[in-house]
$ cat data_26.txt   # compact mmCIF, C-alpha atoms and all ligand atoms
# COMPACT_ATOMS: atom_id res chain seq x y z
CA MET A 1 26.87 98.53 32.61
CA VAL A 2 23.34 97.31 32.03
CA ILE A 3 20.40 99.37 33.33
CA GLY A 4 17.31 97.16 33.78
CA GLY A 5 17.45 93.57 35.04
CA GLY A 6 14.65 91.88 33.08
CA VAL A 7 15.37 89.01 30.73
CA MET A 8 16.90 91.33 28.12
CA GLY A 9 19.29 92.91 30.61
CA LEU A 10 20.28 89.59 32.17
CA PHE A 11 20.97 88.02 28.77
CA THR A 12 23.04 91.08 27.82
CA ALA A 13 25.09 90.58 30.98
CA TYR A 14 25.28 86.85 30.24
CA HIS A 15 26.83 87.37 26.81
CA ALA A 16 28.98 90.33 27.85
CA SER A 17 30.45 88.44 30.80
CA GLU A 18 31.72 85.77 28.42
CA ARG A 19 34.05 88.43 27.01
CA VAL A 20 34.80 91.08 29.65
CA ASP A 21 35.60 90.85 33.34
CA ARG A 22 33.53 93.59 34.85
CA VAL A 23 29.82 93.71 34.13
CA VAL A 24 27.31 95.46 36.39
CA VAL A 25 23.50 95.31 36.24
CA LEU A 26 21.53 98.12 37.88
CA GLU A 27 17.93 97.18 38.66
CA ARG A 28 15.47 99.75 39.98
CA GLY A 29 13.36 97.17 41.81
CA ARG A 30 14.32 93.55 42.19
CA ILE A 31 15.05 90.80 39.70
CA GLY A 32 11.88 88.85 39.02
CA ASP A 33 9.48 91.51 40.28
CA PRO A 34 5.92 90.34 39.44
CA MET A 35 5.12 93.67 37.78
CA THR A 36 7.85 93.27 35.15
CA ALA A 37 7.32 91.67 31.75
CA SER A 38 9.89 88.95 32.40
CA PHE A 39 7.98 87.58 35.38
CA GLY A 40 5.65 84.62 34.91
CA ARG A 41 5.73 80.88 34.42
CA THR A 42 5.51 80.42 30.69
CA ARG A 43 6.06 82.37 27.50
CA SER A 44 5.50 80.84 24.10
CA TYR A 45 8.39 80.52 21.68
CA ARG A 46 7.66 80.03 18.02
CA SER A 47 8.88 81.06 14.58
CA ASP A 48 5.54 81.45 12.85
CA TYR A 49 5.71 85.15 12.03
CA LEU A 50 4.11 86.60 8.91
CA ASP A 51 7.24 88.66 8.39
CA PRO A 52 10.06 86.34 7.27
CA GLY A 53 12.61 88.65 8.93
CA TYR A 54 11.16 87.99 12.37
CA ALA A 55 10.71 84.29 11.57
CA ARG A 56 14.44 84.02 10.75
CA LEU A 57 15.38 85.87 13.94
CA ALA A 58 13.20 83.52 15.98
CA ARG A 59 15.09 80.58 14.45
CA GLU A 60 18.41 82.16 15.39
CA ALA A 61 17.12 82.86 18.89
CA LEU A 62 16.12 79.19 19.16
CA ARG A 63 19.69 78.19 18.31
CA LEU A 64 20.93 80.50 21.07
CA TRP A 65 18.38 79.10 23.56
CA GLU A 66 19.73 75.63 22.87
CA GLU A 67 23.28 76.89 23.37
CA PHE A 68 22.18 78.48 26.66
CA GLU A 69 20.60 75.18 27.77
CA ARG A 70 23.85 73.31 27.05
CA GLN A 71 26.10 75.90 28.67
CA THR A 72 24.06 76.24 31.85
CA GLY A 73 22.65 72.71 32.10
CA THR A 74 19.13 74.14 32.16
CA ALA A 75 15.94 72.74 30.65
CA ALA A 76 14.65 76.13 29.51
CA LEU A 77 12.43 75.02 26.65
CA ILE A 78 9.42 72.73 26.80
CA ARG A 79 9.33 71.42 23.25
CA CYS A 80 5.61 70.84 22.89
CA GLY A 81 5.20 72.56 19.50
CA CYS A 82 3.04 75.53 18.67
CA MET A 83 -0.09 75.17 16.56
CA ASN A 84 -2.14 77.85 14.82
CA ILE A 85 -5.70 76.76 14.26
CA ALA A 86 -8.62 77.98 12.19
CA LYS A 87 -12.30 77.13 12.04
CA ARG A 88 -14.49 77.97 9.06
CA SER A 89 -17.45 79.10 11.15
CA VAL A 90 -15.20 81.66 12.88
CA THR A 91 -12.90 82.76 10.02
CA PRO A 92 -14.63 81.61 6.80
CA ASP A 93 -11.69 82.22 4.47
CA LEU A 94 -9.23 79.70 5.90
CA ARG A 95 -6.50 80.62 3.40
CA SER A 96 -6.35 84.18 4.69
CA THR A 97 -5.93 83.15 8.32
CA TYR A 98 -2.77 83.76 10.33
CA GLY A 99 -2.17 80.02 10.54
CA HIS A 100 -2.27 79.47 6.79
CA ARG A 101 -0.17 82.51 5.95
CA SER A 102 2.49 81.89 8.59
CA HIS A 103 2.67 78.22 7.56
CA ARG A 104 3.50 79.37 4.03
CA VAL A 105 6.26 81.61 5.38
CA LEU A 106 7.75 78.73 7.38
CA GLU A 107 7.57 76.43 4.34
CA GLU A 108 9.44 79.00 2.28
CA LEU A 109 12.11 79.23 4.97
CA GLY A 110 12.36 75.42 5.19
CA VAL A 111 11.20 75.35 8.82
CA PRO A 112 9.51 72.10 9.92
CA SER A 113 5.77 72.79 10.06
CA VAL A 114 2.93 70.38 9.35
CA SER A 115 -0.68 71.03 8.51
CA LEU A 116 -3.39 68.81 9.96
CA ALA A 117 -7.04 68.81 8.99
CA GLY A 118 -10.25 66.86 9.50
CA LYS A 119 -9.80 63.38 10.97
CA ALA A 120 -6.03 63.69 11.44
CA LEU A 121 -6.47 66.82 13.53
CA ARG A 122 -9.32 65.27 15.50
CA ALA A 123 -7.40 62.05 16.13
CA ARG A 124 -4.42 63.86 17.57
CA PHE A 125 -6.32 66.55 19.50
CA PRO A 126 -9.74 65.03 20.32
CA TYR A 127 -10.88 68.07 22.35
CA LEU A 128 -10.29 70.50 19.49
CA GLU A 129 -13.14 71.72 17.29
CA ALA A 130 -11.24 73.24 14.36
CA ASP A 131 -10.97 72.67 10.63
CA VAL A 132 -7.22 73.03 10.33
CA GLY A 133 -4.10 73.24 12.47
CA TYR A 134 -0.59 74.26 11.43
CA LEU A 135 1.96 72.84 13.83
CA ASP A 136 5.36 74.51 14.16
CA LEU A 137 7.28 71.51 15.47
CA ASP A 138 10.13 73.61 16.82
CA GLY A 139 7.89 75.82 18.98
CA GLY A 140 6.75 75.46 22.57
CA VAL A 141 6.97 77.28 25.87
CA VAL A 142 9.87 78.71 27.84
CA ASN A 143 10.09 77.88 31.55
CA LEU A 144 10.60 81.36 33.03
CA PRO A 145 11.57 80.46 36.61
CA ALA A 146 14.20 78.04 35.24
CA VAL A 147 15.62 80.73 32.93
CA THR A 148 15.75 83.46 35.59
CA ALA A 149 17.39 81.10 38.09
CA ALA A 150 19.98 79.89 35.53
CA LEU A 151 20.83 83.44 34.52
CA GLN A 152 21.21 84.61 38.12
CA ARG A 153 23.33 81.58 39.03
CA THR A 154 25.62 81.92 36.02
CA LEU A 155 26.03 85.66 36.41
CA ALA A 156 26.94 85.18 40.08
CA ASP A 157 29.50 82.49 39.11
CA ARG A 158 31.05 84.87 36.60
CA GLY A 159 31.31 87.70 39.13
CA VAL A 160 28.69 89.93 37.50
CA ARG A 161 27.45 92.40 40.06
CA ILE A 162 23.69 92.86 40.20
CA VAL A 163 22.61 95.86 42.25
CA GLU A 164 18.91 95.95 43.11
CA GLY A 165 16.82 98.82 44.44
CA ILE A 166 18.96 101.48 42.82
CA THR A 167 18.03 104.68 40.97
CA THR A 168 20.15 106.02 38.14
CA ARG A 169 20.31 109.80 38.36
CA LEU A 170 22.61 110.75 35.52
CA ALA A 171 24.98 109.29 32.98
CA ALA A 172 27.38 111.60 31.21
CA ARG A 173 30.42 111.14 29.01
CA CYS A 174 33.73 112.12 30.58
CA GLY A 175 36.44 111.60 27.95
CA SER A 176 36.57 107.93 27.04
CA GLU A 177 34.39 106.91 29.99
CA ILE A 178 30.76 107.17 30.89
CA ARG A 179 30.15 108.37 34.42
CA VAL A 180 27.01 106.86 35.93
CA VAL A 181 25.67 108.54 39.04
CA THR A 182 23.11 106.69 41.15
CA ASP A 183 21.54 107.28 44.54
CA VAL A 184 23.99 104.75 46.01
CA GLU A 185 27.28 104.75 44.13
CA GLU A 186 29.03 106.25 41.16
CA TRP A 187 30.56 104.16 38.39
CA ALA A 188 32.80 104.67 35.39
CA SER A 189 31.92 102.47 32.47
CA ARG A 190 32.99 102.02 28.87
CA SER A 191 29.44 101.27 27.68
CA VAL A 192 25.90 101.55 28.98
CA VAL A 193 23.05 99.33 27.82
CA VAL A 194 19.47 100.37 28.60
CA THR A 195 17.01 97.47 28.88
CA ALA A 196 14.54 99.06 31.25
CA GLY A 197 11.24 97.99 29.64
CA HIS A 198 8.57 100.56 30.43
CA GLY A 199 11.20 102.60 32.32
CA THR A 200 13.34 103.05 29.20
CA ASN A 201 12.41 106.63 28.32
CA GLU A 202 12.99 107.70 31.90
CA VAL A 203 16.51 106.27 31.76
CA LEU A 204 17.17 107.73 28.29
CA ALA A 205 16.20 111.16 29.64
CA ARG A 206 19.04 110.81 32.14
CA LEU A 207 21.72 110.14 29.53
CA ASN A 208 23.21 113.58 29.14
CA GLY A 209 23.06 114.53 25.45
CA ALA A 210 21.03 111.56 24.26
CA ARG A 211 18.54 112.46 21.57
CA LEU A 212 16.12 109.61 21.92
CA GLN A 213 12.67 109.06 23.32
CA VAL A 214 10.92 105.94 22.03
CA PRO A 215 7.22 106.25 21.17
CA LEU A 216 6.10 103.42 23.43
CA THR A 217 2.53 102.59 24.33
CA ARG A 218 1.10 99.95 26.62
CA ASP A 219 -1.38 97.21 25.91
CA ARG A 220 -2.70 94.37 28.03
CA PRO A 221 -4.20 90.97 27.42
CA ILE A 222 -7.96 91.66 27.49
CA GLU A 223 -8.44 88.66 29.74
CA ALA A 224 -6.78 85.39 30.72
CA LYS A 225 -8.22 82.34 32.47
CA TYR A 226 -6.92 79.12 33.95
CA PHE A 227 -8.70 75.85 33.21
CA THR A 228 -8.14 72.80 35.42
CA PRO A 229 -9.58 69.91 33.40
CA PRO A 230 -11.24 66.96 35.14
CA ALA A 231 -8.73 64.19 35.98
CA ASP A 232 -10.01 61.96 33.11
CA PHE A 233 -9.01 64.54 30.52
CA ARG A 234 -5.93 66.03 32.17
CA GLU A 235 -3.35 64.11 30.13
CA GLN A 236 -4.75 65.43 26.84
CA PHE A 237 -3.93 68.94 28.01
CA ALA A 238 -0.41 68.27 29.29
CA SER A 239 2.58 69.47 27.28
CA ASN A 240 3.57 65.98 26.12
CA ALA A 241 0.23 65.86 24.25
CA MET A 242 -0.88 69.47 23.83
CA PRO A 243 1.11 72.15 21.99
CA VAL A 244 0.73 75.88 22.47
CA ILE A 245 -2.49 76.52 20.54
CA ALA A 246 -3.06 79.90 18.97
CA TYR A 247 -5.94 81.36 17.04
CA LEU A 248 -4.44 84.77 16.47
CA ASP A 249 -7.15 85.93 14.07
CA ALA A 250 -9.41 85.73 17.11
CA GLY A 251 -6.72 86.97 19.54
CA ILE A 252 -6.42 83.64 21.39
CA TYR A 253 -3.43 81.72 22.75
CA CYS A 254 -3.43 78.63 25.02
CA HIS A 255 -0.53 77.24 27.05
CA PRO A 256 -0.67 73.58 28.14
CA ILE A 257 -0.29 72.03 31.59
CA ILE A 258 3.40 71.57 32.37
CA ASN A 259 4.21 68.99 34.96
CA GLY A 260 6.07 70.52 37.89
CA LEU A 261 5.45 74.08 36.68
CA ILE A 262 1.75 74.73 36.18
CA ASP A 263 -1.17 72.35 36.60
CA LYS A 264 -3.67 74.37 34.56
CA VAL A 265 -4.23 75.32 30.95
CA LYS A 266 -3.84 79.08 30.47
CA ILE A 267 -5.96 80.76 27.81
CA GLY A 268 -5.53 84.43 26.97
CA TYR A 269 -7.47 86.80 24.74
CA TYR A 270 -5.61 89.87 23.40
CA HIS A 271 -4.99 92.12 20.41
CA PRO A 272 -2.05 90.61 18.50
CA PRO A 273 -0.07 93.72 17.54
CA ASP A 274 0.97 92.42 14.11
CA LEU A 275 -2.59 91.77 12.90
CA PRO A 276 -5.40 94.15 11.97
CA ARG A 277 -8.16 93.93 14.54
CA ALA A 278 -10.50 91.35 13.03
CA VAL A 279 -14.06 90.96 14.23
CA THR A 280 -14.96 87.31 14.74
CA THR A 281 -17.59 85.45 16.70
CA ILE A 282 -14.89 84.90 19.33
CA ASP A 283 -14.84 87.88 21.66
CA SER A 284 -13.69 86.35 24.93
CA VAL A 285 -11.85 83.36 26.35
CA MET A 286 -15.16 81.62 27.07
CA SER A 287 -16.48 82.10 23.55
CA PHE A 288 -13.25 80.53 22.23
CA VAL A 289 -13.74 77.54 24.53
CA GLU A 290 -17.36 77.18 23.41
CA HIS A 291 -16.36 77.28 19.73
CA CYS A 292 -13.08 75.38 19.72
CA ALA A 293 -12.46 73.41 22.92
CA PRO A 294 -15.84 72.64 24.55
CA THR A 295 -14.36 69.84 26.68
CA LEU A 296 -12.87 72.61 28.81
CA LEU A 297 -16.34 73.82 29.77
CA GLU A 298 -16.19 70.99 32.32
CA ALA A 299 -12.96 72.36 33.80
CA ARG A 300 -12.57 74.43 36.95
CA ILE A 301 -12.20 77.98 35.64
CA GLU A 302 -10.51 80.89 37.40
CA PRO A 303 -8.96 84.19 36.37
CA VAL A 304 -5.19 84.42 35.88
CA ASP A 305 -4.17 86.87 38.57
CA ASP A 306 -0.89 85.42 39.83
CA VAL A 307 1.20 86.16 36.70
CA ASP A 308 1.21 88.45 33.63
CA GLY A 309 0.50 91.62 35.59
CA CYS A 310 2.67 93.64 33.21
CA ASP A 311 1.72 95.41 29.97
CA TYR A 312 3.18 94.82 26.51
CA ASP A 313 5.58 97.53 25.27
CA LEU A 314 4.33 98.47 21.79
CA VAL A 315 6.25 100.79 19.47
CA ALA A 316 4.62 103.28 17.11
CA ASP A 317 5.97 101.59 13.96
CA ASP A 318 5.67 98.06 15.36
CA GLU A 319 9.37 97.23 15.04
CA PHE A 320 11.90 96.35 17.72
CA VAL A 321 14.13 99.20 18.91
CA LEU A 322 17.67 97.88 19.17
CA GLY A 323 21.00 99.62 18.72
CA ALA A 324 22.98 102.76 19.49
CA VAL A 325 21.43 105.69 21.35
CA PRO A 326 21.71 108.79 19.15
CA GLY A 327 23.67 111.61 20.76
CA PHE A 328 25.37 109.41 23.36
CA PRO A 329 28.34 107.40 22.06
CA GLY A 330 28.77 104.14 23.96
CA ALA A 331 25.09 103.83 24.96
CA TYR A 332 22.78 101.19 23.48
CA VAL A 333 19.12 100.40 23.98
CA GLY A 334 16.75 97.47 23.50
CA VAL A 335 13.01 97.93 23.93
CA GLY A 336 9.64 97.66 22.15
CA TRP A 337 9.18 93.91 22.07
CA ARG A 338 5.43 94.15 21.34
CA GLY A 339 4.45 91.35 23.70
CA THR A 340 6.55 88.91 21.75
CA GLY A 341 10.06 89.53 23.03
CA TYR A 342 10.86 86.75 25.47
CA LYS A 343 11.65 84.17 22.79
CA PHE A 344 14.18 86.59 21.27
CA ALA A 345 15.96 87.33 24.56
CA PRO A 346 19.20 85.34 24.01
CA TRP A 347 19.56 86.97 20.60
CA VAL A 348 18.78 90.48 21.89
CA GLY A 349 21.28 90.00 24.71
CA ARG A 350 23.86 88.79 22.23
CA VAL A 351 23.40 91.83 19.99
CA LEU A 352 23.55 94.30 22.89
CA ALA A 353 26.62 92.59 24.35
CA ASP A 354 28.31 92.68 20.91
CA LEU A 355 27.59 96.40 20.63
CA ALA A 356 28.67 97.21 24.19
CA VAL A 357 31.89 95.21 24.02
CA GLU A 358 32.88 95.30 20.32
CA ARG A 359 30.91 98.36 19.13
CA ASP A 360 29.60 96.15 16.33
CA SER A 361 27.58 92.98 15.87
CA MET A 362 27.72 90.10 13.45
CA TYR A 363 23.95 90.57 13.13
CA ASP A 364 22.52 93.18 10.83
CA VAL A 365 20.22 95.20 13.09
CA ARG A 366 19.84 98.29 10.92
CA ARG A 367 16.12 97.58 10.59
CA PHE A 368 15.74 98.19 14.34
CA ASP A 369 17.94 101.30 14.53
CA PRO A 370 16.73 103.56 17.38
CA ALA A 371 17.92 106.55 15.30
CA ARG A 372 14.58 106.48 13.47
CA PHE A 373 13.19 108.16 16.58
CA THR A 374 15.99 110.72 17.00
CA LYS A 375 14.79 113.96 18.43
CA GLY A 376 15.72 117.16 16.63
CA ARG A 377 17.36 118.70 19.65
CA PHE A 378 19.10 117.60 22.82
CA HIS A 379 16.41 116.95 25.38
CA ALA A 380 18.34 115.84 28.41
CA GLY A 381 20.94 117.26 30.63
CA SER A 382 19.92 120.74 31.62
CA ALA A 383 17.23 119.66 34.06
CA ILE A 384 19.32 116.95 35.69
CA SER A 385 22.48 117.56 37.59
CA ALA A 386 24.95 115.03 38.94
CA ASN A 387 23.94 116.00 42.46
CA ALA A 388 20.21 115.60 41.90
C1 LIG B 1 1.44 89.45 29.67
C2 LIG B 1 2.60 89.21 28.74
C3 LIG B 1 2.66 88.04 27.98
C4 LIG B 1 3.74 87.82 27.12
N1 LIG B 1 3.80 86.68 26.39
C5 LIG B 1 4.88 86.43 25.63
C6 LIG B 1 5.02 85.18 24.96
O1 LIG B 1 4.16 84.30 25.06
N2 LIG B 1 6.13 84.98 24.20
C7 LIG B 1 7.11 85.92 24.11
O2 LIG B 1 8.11 85.67 23.40
N3 LIG B 1 7.03 87.11 24.74
C8 LIG B 1 5.94 87.37 25.49
N4 LIG B 1 5.84 88.56 26.17
C9 LIG B 1 6.90 89.57 26.02
C10 LIG B 1 8.08 89.35 26.94
O3 LIG B 1 7.69 88.86 28.19
C11 LIG B 1 8.81 90.68 27.06
O4 LIG B 1 9.11 91.17 25.76
C12 LIG B 1 10.11 90.59 27.84
O5 LIG B 1 9.93 89.96 29.08
C13 LIG B 1 10.67 91.99 28.03
O6 LIG B 1 11.80 91.93 28.85
P1 LIG B 1 12.54 93.27 29.28
O7 LIG B 1 13.76 92.83 29.98
O8 LIG B 1 12.66 94.17 28.11
O9 LIG B 1 11.49 94.01 30.23
P2 LIG B 1 11.16 93.81 31.79
O10 LIG B 1 11.03 92.38 32.13
O11 LIG B 1 10.00 94.69 32.10
O12 LIG B 1 12.46 94.33 32.49
C14 LIG B 1 12.79 95.69 32.57
C15 LIG B 1 13.49 95.87 33.91
O13 LIG B 1 13.99 97.20 33.98
C16 LIG B 1 13.75 97.67 35.29
N5 LIG B 1 13.77 99.14 35.26
C17 LIG B 1 12.81 99.98 34.84
N6 LIG B 1 13.21 101.25 35.00
C18 LIG B 1 14.46 101.20 35.52
C19 LIG B 1 15.40 102.20 35.93
N7 LIG B 1 15.12 103.50 35.84
N8 LIG B 1 16.59 101.79 36.44
C20 LIG B 1 16.89 100.46 36.57
N9 LIG B 1 16.02 99.47 36.22
C21 LIG B 1 14.82 99.85 35.69
C22 LIG B 1 12.40 97.07 35.67
O14 LIG B 1 12.23 97.06 37.08
C23 LIG B 1 12.54 95.68 35.08
O15 LIG B 1 13.11 94.75 35.99
C24 LIG B 1 4.76 88.81 27.02
C25 LIG B 1 4.69 89.99 27.78
C26 LIG B 1 3.63 90.18 28.63
C27 LIG B 1 3.60 91.46 29.44
$ encode --input "data_26.txt" --output "structure tokens"
Amino acid sequence: MVIGGGVMGLFTAYHASERVDRVVVLERGRIGDPMTASFGRTRSYRSDYLDPGYARLAREALRLWEEFERQTGTAALIRCGCMNIAKRSVTPDLRSTYGHRSHRVLEELGVPSVSLAGKALRARFPYLEADVGYLDLDGGVVNLPAVTAALQRTLADRGVRIVEGITTRLAARCGSEIRVVTDVEEWASRSVVVTAGHGTNEVLARLNGARLQVPLTRDRPIEAKYFTPPADFREQFASNAMPVIAYLDAGIYCHPIINGLIDKVKIGYYHPPDLPRAVTTIDSVMSFVEHCAPTLLEARIEPVDDVDGCDYDLVADDEFVLGAVPGFPGAYVGVGWRGTGYKFAPWVGRVLADLAVERDSMYDVRRFDPARFTKGRFHAGSAISANA
């Protein structure tokens, strides 16, 4: 049983249903609700992490995305590349920038990444005012509607039951089973996986005996804007010419136009959780455009208010939370993706399905063990009864 039907829950059901017959997903709202993190058009996928551990995981997730594309016949990934840029007048020490440092990590891991500077950069990206760009050739954007539709279709074909609009009241161990009581039905399950995003602690509090509350906080992109370039320039900003462009030292990411999916460039300004808050001359989307992509000043500009209405789920120690729930044998949790989780979803789902079905995973996830947040005493159970 999976509680929470975002991308993590659906991928857990996807991998579990390859191995067991009866998989159920309980979703409080509805799949694809605009206020959930997994709703939107595009999410970047990339491997350019400063921490080699996360870079390796992103590579493994990419392998699983490609497997998912083959198995479901879905074009999930738009392989436009992902480029970190830097400009001396914004971040004077180019060698200490995110782009330079993450490029070194990728080189050490043998991941294809090229650096472009001066005329070469200008020739390929004429609208870009930057001194250097580090292009992760295996990065790009994920097509979210295509992924959600493929997951729903495949899960339906495999007989996975998805129950929407349901509230979980209590889960308690009864011998070898877990009894799950909801406002609609009652189930007996061998395992429970909690992938409820911002609702995770609420669900954990209903697992009788569980000793886990995850120190989660919320953060939001500070602002995001759409840019519709004039027709003459449009092709330069489409995904067959433009990669995802990030200037993380300045908190900036840009997603290209994707034919058939989105006809505008999206530029966001945020606090990247894995970087100290640097002060640069870029302090808004518009100041980035002025400094680094002035051609877009001629574009039609509007706020992004149709997608990305959800917050990031940050964890106190800035690590994923993935594994067994302390105090509740047979329950597993995945949360705390720090605004960077979508690209890892097939891998997260694989790990959680391994744990739920086999009680073990071929992946070493000790680093993400939820037990680091174990509470000293049982915190759930007494206030919640099966009849509540
Ligand atoms: C604005 C934004 C931009 C992002 N950009 C990127 C990016 O470019 N690249 C990237 O890799 N990642 C990105 N991410 C992160 C990524 O989107 C998330 O990590 C991922 O979607 C999280 O999926 P989830 O399934 O854990 O959460 P959600 O999608 O929030 O799903 C949780 C589900 O659980 C349900 N639920 C909650 N409580 C209960 C309950 N009690 N019972 C049953 N169901 C419940 C909710 O309704 C929801 O459907 C971004 C996130 C945001 C918010």
$ closest_atom_pairs --input "data_26.txt" --of "region 252-346 of chain A" --to "region 141-157 of chain A" --cutoff "12 Å" --atoms "all atoms listed in the file" --output "CSV"
residue,atom,partner,partner_atom,distance
A:Tyr253,CA,A:Val141,CA,11.7
A:Cys254,CA,A:Val141,CA,10.5
A:His255,CA,A:Val141,CA,7.6
A:Pro256,CA,A:Val141,CA,8.8
A:Ile257,CA,A:Val141,CA,10.6
A:Ile258,CA,A:Asn143,CA,9.2
A:Asn259,CA,A:Asn143,CA,11.2
A:Gly260,CA,A:Asn143,CA,10.5
A:Leu261,CA,A:Asn143,CA,7.9
A:Ile262,CA,A:Asn143,CA,10.0
A:Lys266,CA,A:Val141,CA,11.9
A:Val307,CA,A:Leu144,CA,11.2
A:Asp308,CA,A:Leu144,CA,11.8
A:Gly341,CA,A:Val142,CA,11.8
A:Tyr342,CA,A:Val142,CA,8.4
A:Lys343,CA,A:Val142,CA,7.6
A:Phe344,CA,A:Val142,CA,11.1
A:Ala345,CA,A:Val147,CA,10.7
A:Pro346,CA,A:Val147,CA,10.7
$ residues_around --input "data_26.txt" --residues "Pro276 (chain A)" --least-positions-apart "5" --cutoff "12 Å" --atoms "only C-alpha atoms" --output "list of chain:residue names"
A:Thr97, A:Tyr98, A:Leu248, A:Asp249, A:Ala250, A:Gly251, A:His271
$ residues_around --input "data_26.txt" --residues "Glu302 (chain A)" --least-positions-apart "3" --cutoff "7 Å" --atoms "all atoms listed in the file" --output "list of chain:residue names"
A:Lys225, A:Tyr226, A:Phe227
$ residues_near_ligand --input "data_26.txt" --ligand "ligand LIG 1 (chain B)" --cutoff "6 Å" --atoms "all atoms listed in the file" --output "PyMOL selection string"
chain A and resi 3-9+26-29+31+36-38+43-45+167-168+195-197+199+203+308+310-312+335+337+339-343
$ residues_around --input "data_26.txt" --residues "His100 (chain A)" --least-positions-apart "4" --cutoff "9 Å" --atoms "all atoms listed in the file" --output "NGL selection string"
:A and (84-86 or 94-96 or 104-105 or 115 or 132-134)
$ closest_residue --input "data_26.txt" --among "A:Gly376, A:Gly73, A:Gly330, A:Gly159" --to "Val23 (chain A)" --atoms "only C-alpha atoms"
A:Gly159
$ residues_around --input "data_26.txt" --residues "region 240-244 of chain A" --least-positions-apart "3" --cutoff "7 Å" --atoms "all atoms listed in the file" --output "list in words"
Cys80, Gly81, Cys82, Met83, Gly140, Gln236, Phe237, Cys254, His255 and Pro256 of chain A
$ residues_around --input "data_26.txt" --residues "Arg173 (chain A)" --least-positions-apart "2" --cutoff "9 Å" --atoms "all atoms listed in the file" --output "list in words"
Ala171, Gly175, Ser176, Glu177, Ile178, Arg179, Val180, Leu207, Asn208, Gly209, Phe328, Pro329 and Gly330 of chain A
$ atom_distance --input "data_26.txt" --atom1 "CA of Phe233 (chain A)" --atom2 "CA of Ser284 (chain A)"
23.0 Å
$ closest_residue --input "data_26.txt" --among "A:Arg338, A:Arg22, A:Arg300, A:Arg211" --to "Ala371 (chain A)" --atoms "all atoms listed in the file"
A:Arg211
$ atom_distance --input "data_26.txt" --atom1 "CA of Glu69 (chain A)" --atom2 "CA of Val20 (chain A)"
21.4 Å
$ closest_residue --input "data_26.txt" --among "A:Val24, A:Ala331, A:Ala13, A:Pro273" --to "Glu186 (chain A)" --atoms "all atoms listed in the file"
A:Val24
$ closest_residue --input "data_26.txt" --among "A:Pro52, A:Pro126, A:Gly32, A:Pro230" --to "His103 (chain A)" --atoms "only C-alpha atoms"
A:Pro52
$ atom_distance --input "data_26.txt" --atom1 "CA of Arg372 (chain A)" --atom2 "CA of Asp354 (chain A)"
20.8 Å
$ closest_residue --input "data_26.txt" --among "A:Arg19, A:Arg234, A:Arg161, A:Arg59" --to "Trp347 (chain A)" --atoms "only C-alpha atoms"
A:Arg59
